[in-house]
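For reference, model-v3.cif (mmCIF, C-alpha atoms):
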```cif
data_model
#
loop_
_atom_site.label_atom_id
_atom_site.label_comp_id
_atom_site.auth_asym_id
_atom_site.auth_seq_id
_atom_site.Cartn_x
_atom_site.Cartn_y
_atom_site.Cartn_z
CA MET B 1 114.71 105.41 80.21
CA SER B 2 112.73 102.43 78.93
CA LEU B 3 114.18 99.04 79.84
CA HIS B 4 113.63 95.53 78.55
CA ILE B 5 113.57 93.36 81.67
CA VAL B 6 113.74 89.59 81.19
CA GLN B 7 112.53 87.58 84.18
CA LEU B 8 113.43 83.92 84.60
CA ALA B 9 111.82 81.51 87.06
CA ASN B 10 111.78 77.79 87.75
CA PHE B 11 109.06 76.15 89.91
CA TYR B 12 106.45 78.42 88.30
CA THR B 13 103.07 76.69 87.91
CA GLU B 14 99.38 77.39 88.29
CA THR B 15 99.66 76.45 91.96
CA SER B 16 103.05 77.95 92.87
CA GLY B 17 101.59 80.62 95.12
CA GLY B 18 103.78 83.46 96.30
CA LEU B 19 106.55 83.12 93.71
CA ARG B 20 104.12 83.28 90.80
CA THR B 21 102.16 86.14 92.35
CA ALA B 22 105.33 88.16 92.89
CA VAL B 23 106.76 87.51 89.41
CA ASP B 24 103.46 88.26 87.66
CA THR B 25 102.74 91.40 89.69
CA LEU B 26 106.21 92.80 89.08
CA ARG B 27 105.97 92.06 85.35
CA ALA B 28 102.62 93.84 85.11
CA GLY B 29 104.02 96.78 87.06
CA TYR B 30 107.04 97.06 84.78
CA VAL B 31 104.83 97.17 81.69
CA ASP B 32 102.41 99.67 83.25
CA ALA B 33 105.42 101.91 83.97
CA GLY B 34 106.37 101.92 80.27
CA HIS B 35 109.01 99.17 80.19
CA ARG B 36 109.13 95.90 78.23
CA ALA B 37 108.93 92.66 80.16
CA THR B 38 109.51 89.07 79.10
CA LEU B 39 109.18 86.01 81.33
CA ILE B 40 110.98 82.70 80.70
CA ILE B 41 109.57 79.70 82.60
CA PRO B 42 109.55 75.90 82.31
CA GLY B 43 106.61 74.20 80.63
CA ALA B 44 105.45 70.98 79.03
CA ASP B 45 106.45 72.33 75.60
CA ASP B 46 108.30 75.21 74.02
CA GLY B 47 105.95 78.11 73.39
CA VAL B 48 105.37 81.85 73.31
CA THR B 49 102.31 83.80 74.43
CA GLY B 50 101.80 87.53 74.41
CA GLY B 51 99.53 89.67 76.52
CA GLU B 52 98.98 93.13 77.90
CA HIS B 53 101.61 92.47 80.56
CA GLY B 54 104.42 91.25 78.35
CA THR B 55 105.55 88.07 76.67
CA VAL B 56 105.72 84.67 78.37
CA VAL B 57 108.08 82.07 76.90
CA THR B 58 107.99 78.44 78.01
CA VAL B 59 110.97 76.13 77.62
CA ALA B 60 110.15 72.41 77.60
CA ALA B 61 111.38 71.01 80.92
CA PRO B 62 110.96 67.80 82.91
CA VAL B 63 108.76 67.43 85.96
CA ILE B 64 110.78 66.97 89.15
CA PRO B 65 109.80 63.60 90.69
CA GLY B 66 107.81 63.93 93.90
CA SER B 67 107.44 67.70 93.57
CA GLY B 68 103.75 67.74 92.79
CA GLY B 69 104.19 69.02 89.24
CA TYR B 70 107.08 71.48 89.50
CA ARG B 71 109.39 71.72 86.50
CA MET B 72 113.01 72.87 86.18
CA ILE B 73 114.67 74.13 83.01
CA THR B 74 117.75 72.06 82.20
CA ARG B 75 118.27 73.12 78.56
CA MET B 76 120.33 76.20 79.26
CA SER B 77 121.40 76.39 75.63
CA ALA B 78 117.76 77.19 74.80
CA VAL B 79 117.70 79.91 77.46
CA ARG B 80 120.93 81.45 76.15
CA GLU B 81 119.49 81.46 72.63
CA LEU B 82 116.44 83.31 73.91
CA LEU B 83 118.57 85.84 75.75
CA GLU B 84 120.62 86.43 72.60
CA GLU B 85 117.38 86.99 70.71
CA PHE B 86 115.80 89.31 73.30
CA GLN B 87 118.95 91.31 74.13
CA PRO B 88 117.58 92.47 77.50
CA ASP B 89 118.74 95.52 79.41
CA ARG B 90 118.28 93.75 82.74
CA VAL B 91 118.01 90.11 83.85
CA GLU B 92 115.87 89.27 86.90
CA ILE B 93 116.26 85.71 88.17
CA SER B 94 113.87 83.95 90.55
CA ASP B 95 115.87 80.77 90.94
CA LYS B 96 119.03 79.53 92.69
CA ALA B 97 119.65 76.54 90.48
CA THR B 98 119.95 76.21 86.70
CA LEU B 99 118.76 79.69 85.77
CA LEU B 100 121.74 81.35 87.45
CA ASP B 101 123.40 80.60 84.12
CA ALA B 102 121.55 83.68 82.81
CA ALA B 103 123.71 85.84 85.10
CA ARG B 104 126.84 84.24 83.67
CA TRP B 105 125.53 85.03 80.18
CA ALA B 106 124.76 88.64 81.16
CA ARG B 107 127.96 89.71 82.94
CA PRO B 108 130.44 89.65 80.01
CA ARG B 109 127.87 91.58 77.97
CA GLY B 110 127.62 94.34 80.57
CA ILE B 111 124.00 93.49 81.41
CA PRO B 112 123.20 93.80 85.13
CA SER B 113 121.53 90.83 86.83
CA VAL B 114 119.29 90.76 89.89
CA LEU B 115 118.48 87.64 91.90
CA PHE B 116 115.18 87.68 93.78
CA SER B 117 115.72 85.31 96.70
CA HIS B 118 112.24 83.85 97.26
CA GLU B 119 113.44 81.02 99.49
CA ARG B 120 116.29 80.05 101.79
CA LEU B 121 118.22 77.08 100.51
CA ASP B 122 118.85 75.64 103.97
CA ALA B 123 115.15 75.63 104.84
CA MET B 124 113.92 74.52 101.41
CA LEU B 125 116.33 71.61 101.07
CA ALA B 126 115.73 70.46 104.64
CA TYR B 127 112.08 69.79 103.82
CA ARG B 128 112.10 68.96 100.11
CA LEU B 129 115.32 66.94 99.85
CA PRO B 130 116.31 65.95 103.41
CA ARG B 131 118.37 62.97 102.23
CA PHE B 132 120.51 65.20 100.05
CA LEU B 133 120.88 68.15 102.42
CA PRO B 134 124.43 69.47 102.04
CA SER B 135 126.52 70.33 105.07
CA ARG B 136 126.25 73.82 106.49
CA GLY B 137 129.72 74.59 105.14
CA ALA B 138 128.73 73.45 101.63
CA LEU B 139 125.62 75.64 101.70
CA ARG B 140 127.64 78.64 102.84
CA ARG B 141 130.12 78.12 100.01
CA TYR B 142 127.29 77.79 97.50
CA ASN B 143 125.63 80.99 98.74
CA LYS B 144 128.96 82.79 98.45
CA TRP B 145 129.22 81.50 94.89
CA ILE B 146 125.67 82.71 94.13
CA ALA B 147 126.49 86.18 95.46
CA ASN B 148 129.46 86.35 93.10
CA GLN B 149 127.35 85.39 90.07
CA VAL B 150 124.78 88.20 90.29
CA ASP B 151 125.08 91.94 90.74
CA VAL B 152 122.36 92.37 93.40
CA ILE B 153 120.38 89.98 95.60
CA VAL B 154 116.88 91.06 96.63
CA GLY B 155 115.06 89.59 99.61
CA ALA B 156 111.59 90.37 100.92
CA SER B 157 112.62 90.08 104.57
CA SER B 158 115.74 90.22 106.71
CA TYR B 159 115.22 86.50 107.38
CA ALA B 160 115.30 85.81 103.63
CA LEU B 161 118.59 87.71 103.27
CA ARG B 162 120.27 86.33 106.38
CA GLU B 163 121.79 83.37 104.54
CA PHE B 164 123.78 85.99 102.58
CA THR B 165 124.29 88.79 105.13
CA SER B 166 125.62 86.26 107.65
CA LEU B 167 128.45 85.63 105.17
CA GLY B 168 129.29 89.31 104.89
CA VAL B 169 127.73 89.61 101.44
CA ALA B 170 127.13 93.30 100.76
CA ASN B 171 125.28 93.33 97.42
CA VAL B 172 121.84 92.82 98.97
CA GLU B 173 118.62 94.87 98.96
CA LEU B 174 115.61 94.47 101.26
CA ILE B 175 112.39 94.99 99.28
CA PRO B 176 109.21 93.69 100.96
CA LEU B 177 106.42 92.33 98.80
CA GLY B 178 102.94 93.80 98.74
CA VAL B 179 99.33 92.67 98.71
CA ASP B 180 96.42 93.34 96.38
CA LEU B 181 94.28 95.38 98.77
CA GLU B 182 91.38 95.57 96.32
CA THR B 183 91.01 91.83 95.75
CA PHE B 184 91.87 90.87 99.31
CA ARG B 185 89.61 92.92 101.55
CA PRO B 186 87.18 92.35 104.41
CA PRO B 187 83.82 90.95 103.24
CA ASP B 188 80.92 93.37 102.92
CA VAL B 189 78.94 91.18 105.30
CA ARG B 190 80.61 89.12 108.00
CA ARG B 191 78.98 85.87 109.00
CA ALA B 192 77.08 85.83 112.27
CA ASP B 193 79.07 84.73 115.31
CA ASP B 194 77.57 81.31 116.13
CA GLY B 195 80.24 80.26 118.59
CA ARG B 196 82.09 78.06 116.12
CA LEU B 197 85.69 79.02 115.44
CA ARG B 198 86.48 79.14 111.71
CA LEU B 199 90.10 78.42 110.80
CA VAL B 200 91.71 78.47 107.36
CA TYR B 201 94.96 77.43 105.72
CA ALA B 202 95.76 78.55 102.17
CA GLY B 203 98.94 77.14 100.71
CA ARG B 204 100.64 74.22 99.08
CA MET B 205 100.19 70.78 100.62
CA SER B 206 103.92 70.08 100.70
CA SER B 207 106.48 69.26 103.35
CA GLU B 208 108.12 72.71 103.61
CA LYS B 209 104.71 74.32 104.33
CA ARG B 210 104.06 71.90 107.25
CA PRO B 211 100.29 71.51 106.84
CA ASP B 212 100.65 68.34 108.92
CA LEU B 213 101.07 70.57 111.98
CA LEU B 214 97.56 71.91 111.42
CA VAL B 215 96.06 68.44 111.51
CA ALA B 216 97.94 67.90 114.78
CA ALA B 217 96.58 71.23 116.10
CA ALA B 218 93.07 70.27 115.02
CA ASP B 219 93.36 67.04 116.97
CA ARG B 220 94.46 69.02 120.06
CA LEU B 221 91.52 71.40 119.75
CA ALA B 222 89.06 68.55 119.30
CA ARG B 223 90.37 66.85 122.44
CA ARG B 224 89.90 70.13 124.32
CA GLY B 225 86.27 70.28 123.23
CA VAL B 226 86.69 73.40 121.06
CA ASP B 227 83.91 73.90 118.49
CA PHE B 228 85.79 74.68 115.26
CA GLN B 229 86.03 74.10 111.53
CA LEU B 230 89.35 74.07 109.64
CA ASN B 231 89.28 74.63 105.87
CA MET B 232 92.44 73.66 103.99
CA VAL B 233 92.82 75.39 100.62
CA GLY B 234 95.47 74.08 98.23
CA ASP B 235 96.90 71.08 96.47
CA GLY B 236 100.20 69.24 96.55
CA PRO B 237 101.98 65.94 97.11
CA LEU B 238 100.88 65.55 100.75
CA LEU B 239 97.15 66.00 100.12
CA ARG B 240 96.13 62.35 100.24
CA ASP B 241 98.15 61.64 103.39
CA LEU B 242 96.67 64.69 105.10
CA GLU B 243 93.13 63.61 104.23
CA LYS B 244 93.79 60.26 105.91
CA GLU B 245 95.34 61.88 109.00
CA ALA B 246 92.40 64.29 109.36
CA ALA B 247 89.71 61.60 109.13
CA GLY B 248 87.14 62.12 111.86
CA LEU B 249 88.19 65.71 112.54
CA PRO B 250 86.26 68.86 111.47
CA VAL B 251 88.74 69.49 108.65
CA ALA B 252 87.72 70.08 105.02
CA PHE B 253 90.04 70.06 102.00
CA LEU B 254 88.81 72.54 99.39
CA GLY B 255 91.49 72.06 96.73
CA HIS B 256 93.39 74.74 94.84
CA MET B 257 91.55 78.03 94.24
CA SER B 258 92.75 79.87 91.14
CA ASP B 259 90.03 82.52 91.52
CA ARG B 260 91.63 85.13 93.79
CA SER B 261 88.28 86.74 94.63
CA ALA B 262 86.88 83.38 95.73
CA LEU B 263 89.97 82.84 97.89
CA SER B 264 89.48 86.28 99.41
CA GLY B 265 85.95 85.27 100.35
CA VAL B 266 87.14 82.13 102.12
CA LEU B 267 89.88 84.03 103.97
CA GLY B 268 87.51 86.85 104.95
CA GLN B 269 84.96 84.53 106.53
CA ALA B 270 87.55 82.86 108.77
CA ASP B 271 88.39 83.91 112.31
CA ILE B 272 92.08 82.96 112.09
CA ALA B 273 94.40 82.01 109.22
CA LEU B 274 97.19 79.52 109.89
CA LEU B 275 100.60 79.56 108.17
CA PRO B 276 102.85 77.19 110.11
CA SER B 277 105.79 76.92 107.68
CA PRO B 278 109.19 77.44 109.38
CA ALA B 279 110.65 77.88 105.86
CA GLU B 280 108.58 80.96 104.96
CA THR B 281 110.79 83.87 103.91
CA PHE B 282 107.99 86.46 103.65
CA GLY B 283 104.48 85.07 104.00
CA LEU B 284 102.39 86.53 101.18
CA ALA B 285 99.51 84.23 102.13
CA ALA B 286 99.57 85.70 105.64
CA LEU B 287 99.42 89.20 104.20
CA GLU B 288 96.47 88.28 101.99
CA ALA B 289 94.60 86.91 104.99
CA MET B 290 95.28 90.04 107.05
CA ALA B 291 94.09 92.21 104.16
CA CYS B 292 90.78 90.35 104.50
CA GLY B 293 90.66 91.32 108.17
CA THR B 294 91.71 87.87 109.36
CA PRO B 295 94.51 87.61 111.95
CA VAL B 296 97.20 85.00 111.39
CA ILE B 297 99.31 82.49 113.27
CA VAL B 298 102.79 82.07 111.79
CA SER B 299 106.07 80.41 112.69
CA ARG B 300 108.04 82.45 115.23
CA GLY B 301 111.29 84.03 114.06
CA ARG B 302 110.70 83.45 110.34
CA GLY B 303 109.87 85.82 107.50
CA ALA B 304 106.12 86.00 108.12
CA ALA B 305 106.64 86.92 111.76
CA GLY B 306 107.81 90.35 110.60
CA LEU B 307 104.39 91.04 109.09
CA ILE B 308 102.31 90.83 112.22
CA SER B 309 101.66 93.33 114.99
CA THR B 310 99.88 93.18 118.34
CA ASP B 311 96.32 91.86 117.88
CA SER B 312 96.84 91.13 114.15
CA GLY B 313 98.64 87.85 114.62
CA LEU B 314 100.91 85.65 116.67
CA GLY B 315 104.23 83.91 116.11
CA VAL B 316 104.48 80.45 117.68
CA ARG B 317 106.78 77.44 117.67
CA PRO B 318 106.10 75.08 114.75
CA SER B 319 104.23 72.37 116.66
CA GLY B 320 100.64 71.21 116.89
CA LEU B 321 100.50 72.07 120.59
CA ALA B 322 101.84 75.61 120.15
CA ILE B 323 99.50 76.28 117.22
CA ALA B 324 96.48 75.05 119.16
CA ASP B 325 97.45 77.26 122.11
CA GLY B 326 97.96 80.21 119.76
CA ILE B 327 94.55 79.73 118.17
CA GLN B 328 92.84 79.96 121.54
CA GLU B 329 94.93 83.00 122.48
CA ILE B 330 93.97 84.89 119.30
CA ALA B 331 90.33 83.81 119.61
CA ALA B 332 90.18 85.48 123.04
CA ILE B 333 90.81 88.90 121.45
CA PRO B 334 87.51 90.67 120.67
CA ARG B 335 86.61 90.06 117.04
CA VAL B 336 86.31 93.71 116.01
CA ILE B 337 89.77 94.48 117.44
CA ARG B 338 91.61 91.61 115.75
CA GLU B 339 89.88 92.21 112.40
CA SER B 340 90.64 95.93 112.26
CA ALA B 341 94.23 95.37 113.46
CA ALA B 342 94.84 92.79 110.73
CA ARG B 343 93.56 95.03 107.94
CA ARG B 344 95.51 98.06 109.18
CA ARG B 345 98.70 96.05 109.24
CA ALA B 346 98.19 94.73 105.71
CA GLU B 347 97.61 98.25 104.39
CA LEU B 348 101.26 99.04 105.14
CA PHE B 349 102.35 96.62 102.38
CA ASN B 350 101.56 98.09 98.99
CA TRP B 351 102.46 96.38 95.71
CA GLN B 352 103.10 99.72 94.01
CA ARG B 353 105.81 100.45 96.55
CA THR B 354 107.40 97.08 95.76
CA ILE B 355 107.24 97.73 92.00
CA ASP B 356 108.68 101.23 92.39
CA SER B 357 111.51 99.88 94.55
CA MET B 358 112.35 97.16 92.03
CA LEU B 359 112.27 99.61 89.14
CA GLY B 360 114.50 101.99 91.09
CA LEU B 361 116.90 99.10 91.63
CA HIS B 362 116.86 98.10 87.96
CA GLU B 363 117.37 101.68 86.84
CA GLY B 364 120.24 102.28 89.25
CA VAL B 365 121.93 98.89 89.33
CA ARG B 366 124.49 99.79 86.67
CA GLU B 367 125.82 102.58 88.89
CA MET B 368 125.68 100.31 91.95
CA VAL B 369 127.94 97.71 90.39
CA ALA B 370 130.17 100.00 88.34
#
```
Show me this structure written as structure tokens.
Amino acid sequence: MSLHIVQLANFYTETSGGLRTAVDTLRAGYVDAGHRATLIIPGADDGVTGGEHGTVVTVAAPVIPGSGGYRMITRMSAVRELLEEFQPDRVEISDKATLLDAARWARPRGIPSVLFSHERLDAMLAYRLPRFLPSRGALRRYNKWIANQVDVIVGASSYALREFTSLGVANVELIPLGVDLETFRPPDVRRADDGRLRLVYAGRMSSEKRPDLLVAAADRLARRGVDFQLNMVGDGPLLRDLEKEAAGLPVAFLGHMSDRSALSGVLGQADIALLPSPAETFGLAALEAMACGTPVIVSRGRGAAGLISTDSGLGVRPSGLAIADGIQEIAAIPRVIRESAARRRAELFNWQRTIDSMLGLHEGVREMVA
């Protein structure tokens, strides 16, 4: 059975990291499996582009102030017109705000809808909009409302789904993401061990990612006399402040890297990758680093903590002190052991498995909700 799957996503930009990677990889997988795929995203203007992996439609949308360039579709009439034109068999939503209207359009027409929960609202709002953070009761009511709008909620980790399962919501599916094991792989030639510890962060320079903790950890390491270099890869609203805070420390800001192979090279030449975000629901960046043979330090008890194993990484409290301690703990593991452990762990997460699971869900969702 060939399906036409329409994906919808807000906060999708050139620098939106894991969400964009997941949406694009799924779309390509759907097309490769013989289905049609169309993506609706916000943009500077209305437009349509076609390619080997389906059609991408942009709906003119405003930039959210202070977001570092993120846009959110507010013209839902335009989205409904597109849905009427496309007549999809399935609707896949990567958004918990305006685009949930697509599920309300789909239900009376008998079209199943799937929400991919890329973030937890409580964690995201706490960092992005702390002044407007709703009460816990209000968030619980909103999550209950979300669960009633869509037919199935997909999460990449049990932590991602907990904001729904804790409410007794039953229409949830755990489907971990994958990693491109061909692009992200150990380098053919590792750099010589010169005694300097190479650290790397690859992610958005924004409050929910907590890159400020890495500057604090760098300061701790410098005070301890550790010989290290920290490379920060990414862009975002906090970049200028971070550059000021890191002045005088061995910290370099490399900007956003759109070339995935180049990013793989940077990750593969590091000793340890750092992903301190307490809001991470999966940790695709951690998985990409491990695929390059680089162990990771992540926030304890969050989504990325489920990716690591003994010797391939460490979960720590989100503080500069704990991260600095964790760096020295991982560095004490023999290099060959930590590199091989990281790659072996990453090899358990295959994108094809994710695509197959999502297609199985899309193909069977009508029976699930009947």
Around the point (82.8, 74.9, 116.9) (coordinates from the file), which residues reach within 10 Å if we count only C-alpha atoms? Answer as an mmCIF file with C-alpha atoms, keeping the file's coordinate frame.
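Output (result24.cif):
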```cif
data_model
loop_
_atom_site.group_PDB
_atom_site.id
_atom_site.type_symbol
_atom_site.label_atom_id
_atom_site.label_comp_id
_atom_site.auth_asym_id
_atom_site.auth_seq_id
_atom_site.Cartn_x
_atom_site.Cartn_y
_atom_site.Cartn_z
ATOM 1 C CA ASP B 194 77.570 81.310 116.130
ATOM 2 C CA GLY B 195 80.240 80.260 118.590
ATOM 3 C CA ARG B 196 82.090 78.060 116.120
ATOM 4 C CA LEU B 197 85.690 79.020 115.440
ATOM 5 C CA ARG B 198 86.480 79.140 111.710
ATOM 6 C CA LEU B 221 91.520 71.400 119.750
ATOM 7 C CA ALA B 222 89.060 68.550 119.300
ATOM 8 C CA GLY B 225 86.270 70.280 123.230
ATOM 9 C CA VAL B 226 86.690 73.400 121.060
ATOM 10 C CA ASP B 227 83.910 73.900 118.490
ATOM 11 C CA PHE B 228 85.790 74.680 115.260
ATOM 12 C CA GLN B 229 86.030 74.100 111.530
ATOM 13 C CA LEU B 230 89.350 74.070 109.640
ATOM 14 C CA PRO B 250 86.260 68.860 111.470
#
```
Practice problem: Could you give me, as a list in words, the residues within 9 Å of segment 76-82 of chain B, counting all atoms listed in the file and dropping anything in the same chain fewer than 6 positions from it? | Solution: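 Final neighbour list, sorted by chain and number: Ile40, Val57, Val59, Thr98, Leu99, Asp101, Ala102 and Trp105 of chain B.
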Quiz item: Excluding same-chain residues fewer than 2 positions from Ser94 of chain B, what lies within 9 Å of it counting only C-alpha atoms, as a ChimeraX atom specification?
Solution: /B:7-10,19,23,92,96,99-100,114-118
Quiz item: In Å, with one decimal, what is the gap from atom CA of Ala247 of chain B to atom CA of Leu267 of chain B?
Solution: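 Interatomic distance, atom CA of Ala247 of chain B to atom CA of Leu267 of chain B: 23.0 Å.
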Practice problem: Within 7 Å of Val31 of chain B, counting all atoms listed in the file, which residues show up once you throw out same-chain ones fewer than 6 positions away? Write them as a ChimeraX atom specification, please. | Solution: /B:37,53-54
Quiz item: Between atom CA of Ser299 of chain B and atom CA of Glu243 of chain B, what is the spacing in Å?
Solution: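 Calculated distance between atom CA of Glu243 of chain B and atom CA of Ser299 of chain B is 22.8 Å.
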Exercise. Check what the PyMOL selection byres ((chain B and resi 4) around 9) selects in the file above and give those residues as a PyMOL selection string.
Key: chain B and resi 2-3+5-6+35-38+86-91
Exercise. Just give me the gap between atom CA of Asn350 of chain B and atom CA of Val179 of chain B in Å, one decimal is fine.
Key: 5.9 Å
Practice problem: Find the spatial neighbours of Phe184 of chain B, counting all atoms listed in the file, within a cut-off of 6 Å - ignore same-chain residues fewer than 6 positions away - and output them as a list in words. | Solution: Ser264, Glu288, Ala291 and Cys292 of chain B
Quiz item: What lies within 12 Å of segment 259-261 of chain B using only C-alpha atoms, ignoring chain neighbours under 4 positions off, as a list in words?
Solution: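 Skipping anything fewer than 4 positions along the chain leaves Glu14, Thr15, Gly17, Thr21, Val179, Asp180, Leu181, Glu182, Thr183, Phe184, Arg185, Pro186, Pro187, Ala202, Val233, Gly255, Gly265, Val266, Leu267, Gly268, Ala285, Glu288, Ala289 and Cys292 of chain B.
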Exercise. Name every residue that the PyMOL selection byres ((chain B and resi 272-284) around 6) selects in this structure, writing the answer as a PyMOL selection string with chains first and numbers rising.
Key: chain B and resi 18+119+123+156-157+160+199-201+209-210+270-271+285-287+294-299+303-304
Quiz item: So which one's closest to Leu249 of chain B, B:Arg27, B:Arg223, B:Arg75, B:Arg343? Using all atoms listed in the file, please.
Solution: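 When distances to Leu249 of chain B are compared using all atoms listed in the file, the smallest one comes from B:Arg223.
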Exercise. Would you mind telling me which residue in B:Ala216, B:Gly326, B:Gly306, B:Ser258 lies nearest to Leu242 of chain B when using all atoms listed in the file?
Key: B:Ala216
Exercise. Give the answer as one residue: which of B:Ile153, B:Ile146, B:Leu254, B:Ala305 has the shortest atom-to-atom distance to His362 of chain B, using only C-alpha atoms?
Key: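 Among the listed residues, B:Ile153 lies closest to His362 of chain B.
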Can you turn the PyMOL selection byres ((chain B and resi 363) around 10) into a concrete residue list for this file, as an mmCIF file with C-alpha atoms, in the frame of the given file?
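Saved file result19.cif follows:
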```
data_model
loop_
_atom_site.group_PDB
_atom_site.id
_atom_site.type_symbol
_atom_site.label_atom_id
_atom_site.label_comp_id
_atom_site.auth_asym_id
_atom_site.auth_seq_id
_atom_site.Cartn_x
_atom_site.Cartn_y
_atom_site.Cartn_z
ATOM 1 C CA MET B 1 114.710 105.410 80.210
ATOM 2 C CA SER B 2 112.730 102.430 78.930
ATOM 3 C CA LEU B 3 114.180 99.040 79.840
ATOM 4 C CA ASP B 89 118.740 95.520 79.410
ATOM 5 C CA ARG B 90 118.280 93.750 82.740
ATOM 6 C CA PRO B 112 123.200 93.800 85.130
ATOM 7 C CA SER B 357 111.510 99.880 94.550
ATOM 8 C CA MET B 358 112.350 97.160 92.030
ATOM 9 C CA LEU B 359 112.270 99.610 89.140
ATOM 10 C CA GLY B 360 114.500 101.990 91.090
ATOM 11 C CA LEU B 361 116.900 99.100 91.630
ATOM 12 C CA HIS B 362 116.860 98.100 87.960
ATOM 13 C CA GLY B 364 120.240 102.280 89.250
ATOM 14 C CA VAL B 365 121.930 98.890 89.330
ATOM 15 C CA ARG B 366 124.490 99.790 86.670
ATOM 16 C CA GLU B 367 125.820 102.580 88.890
ATOM 17 C CA MET B 368 125.680 100.310 91.950
#
```
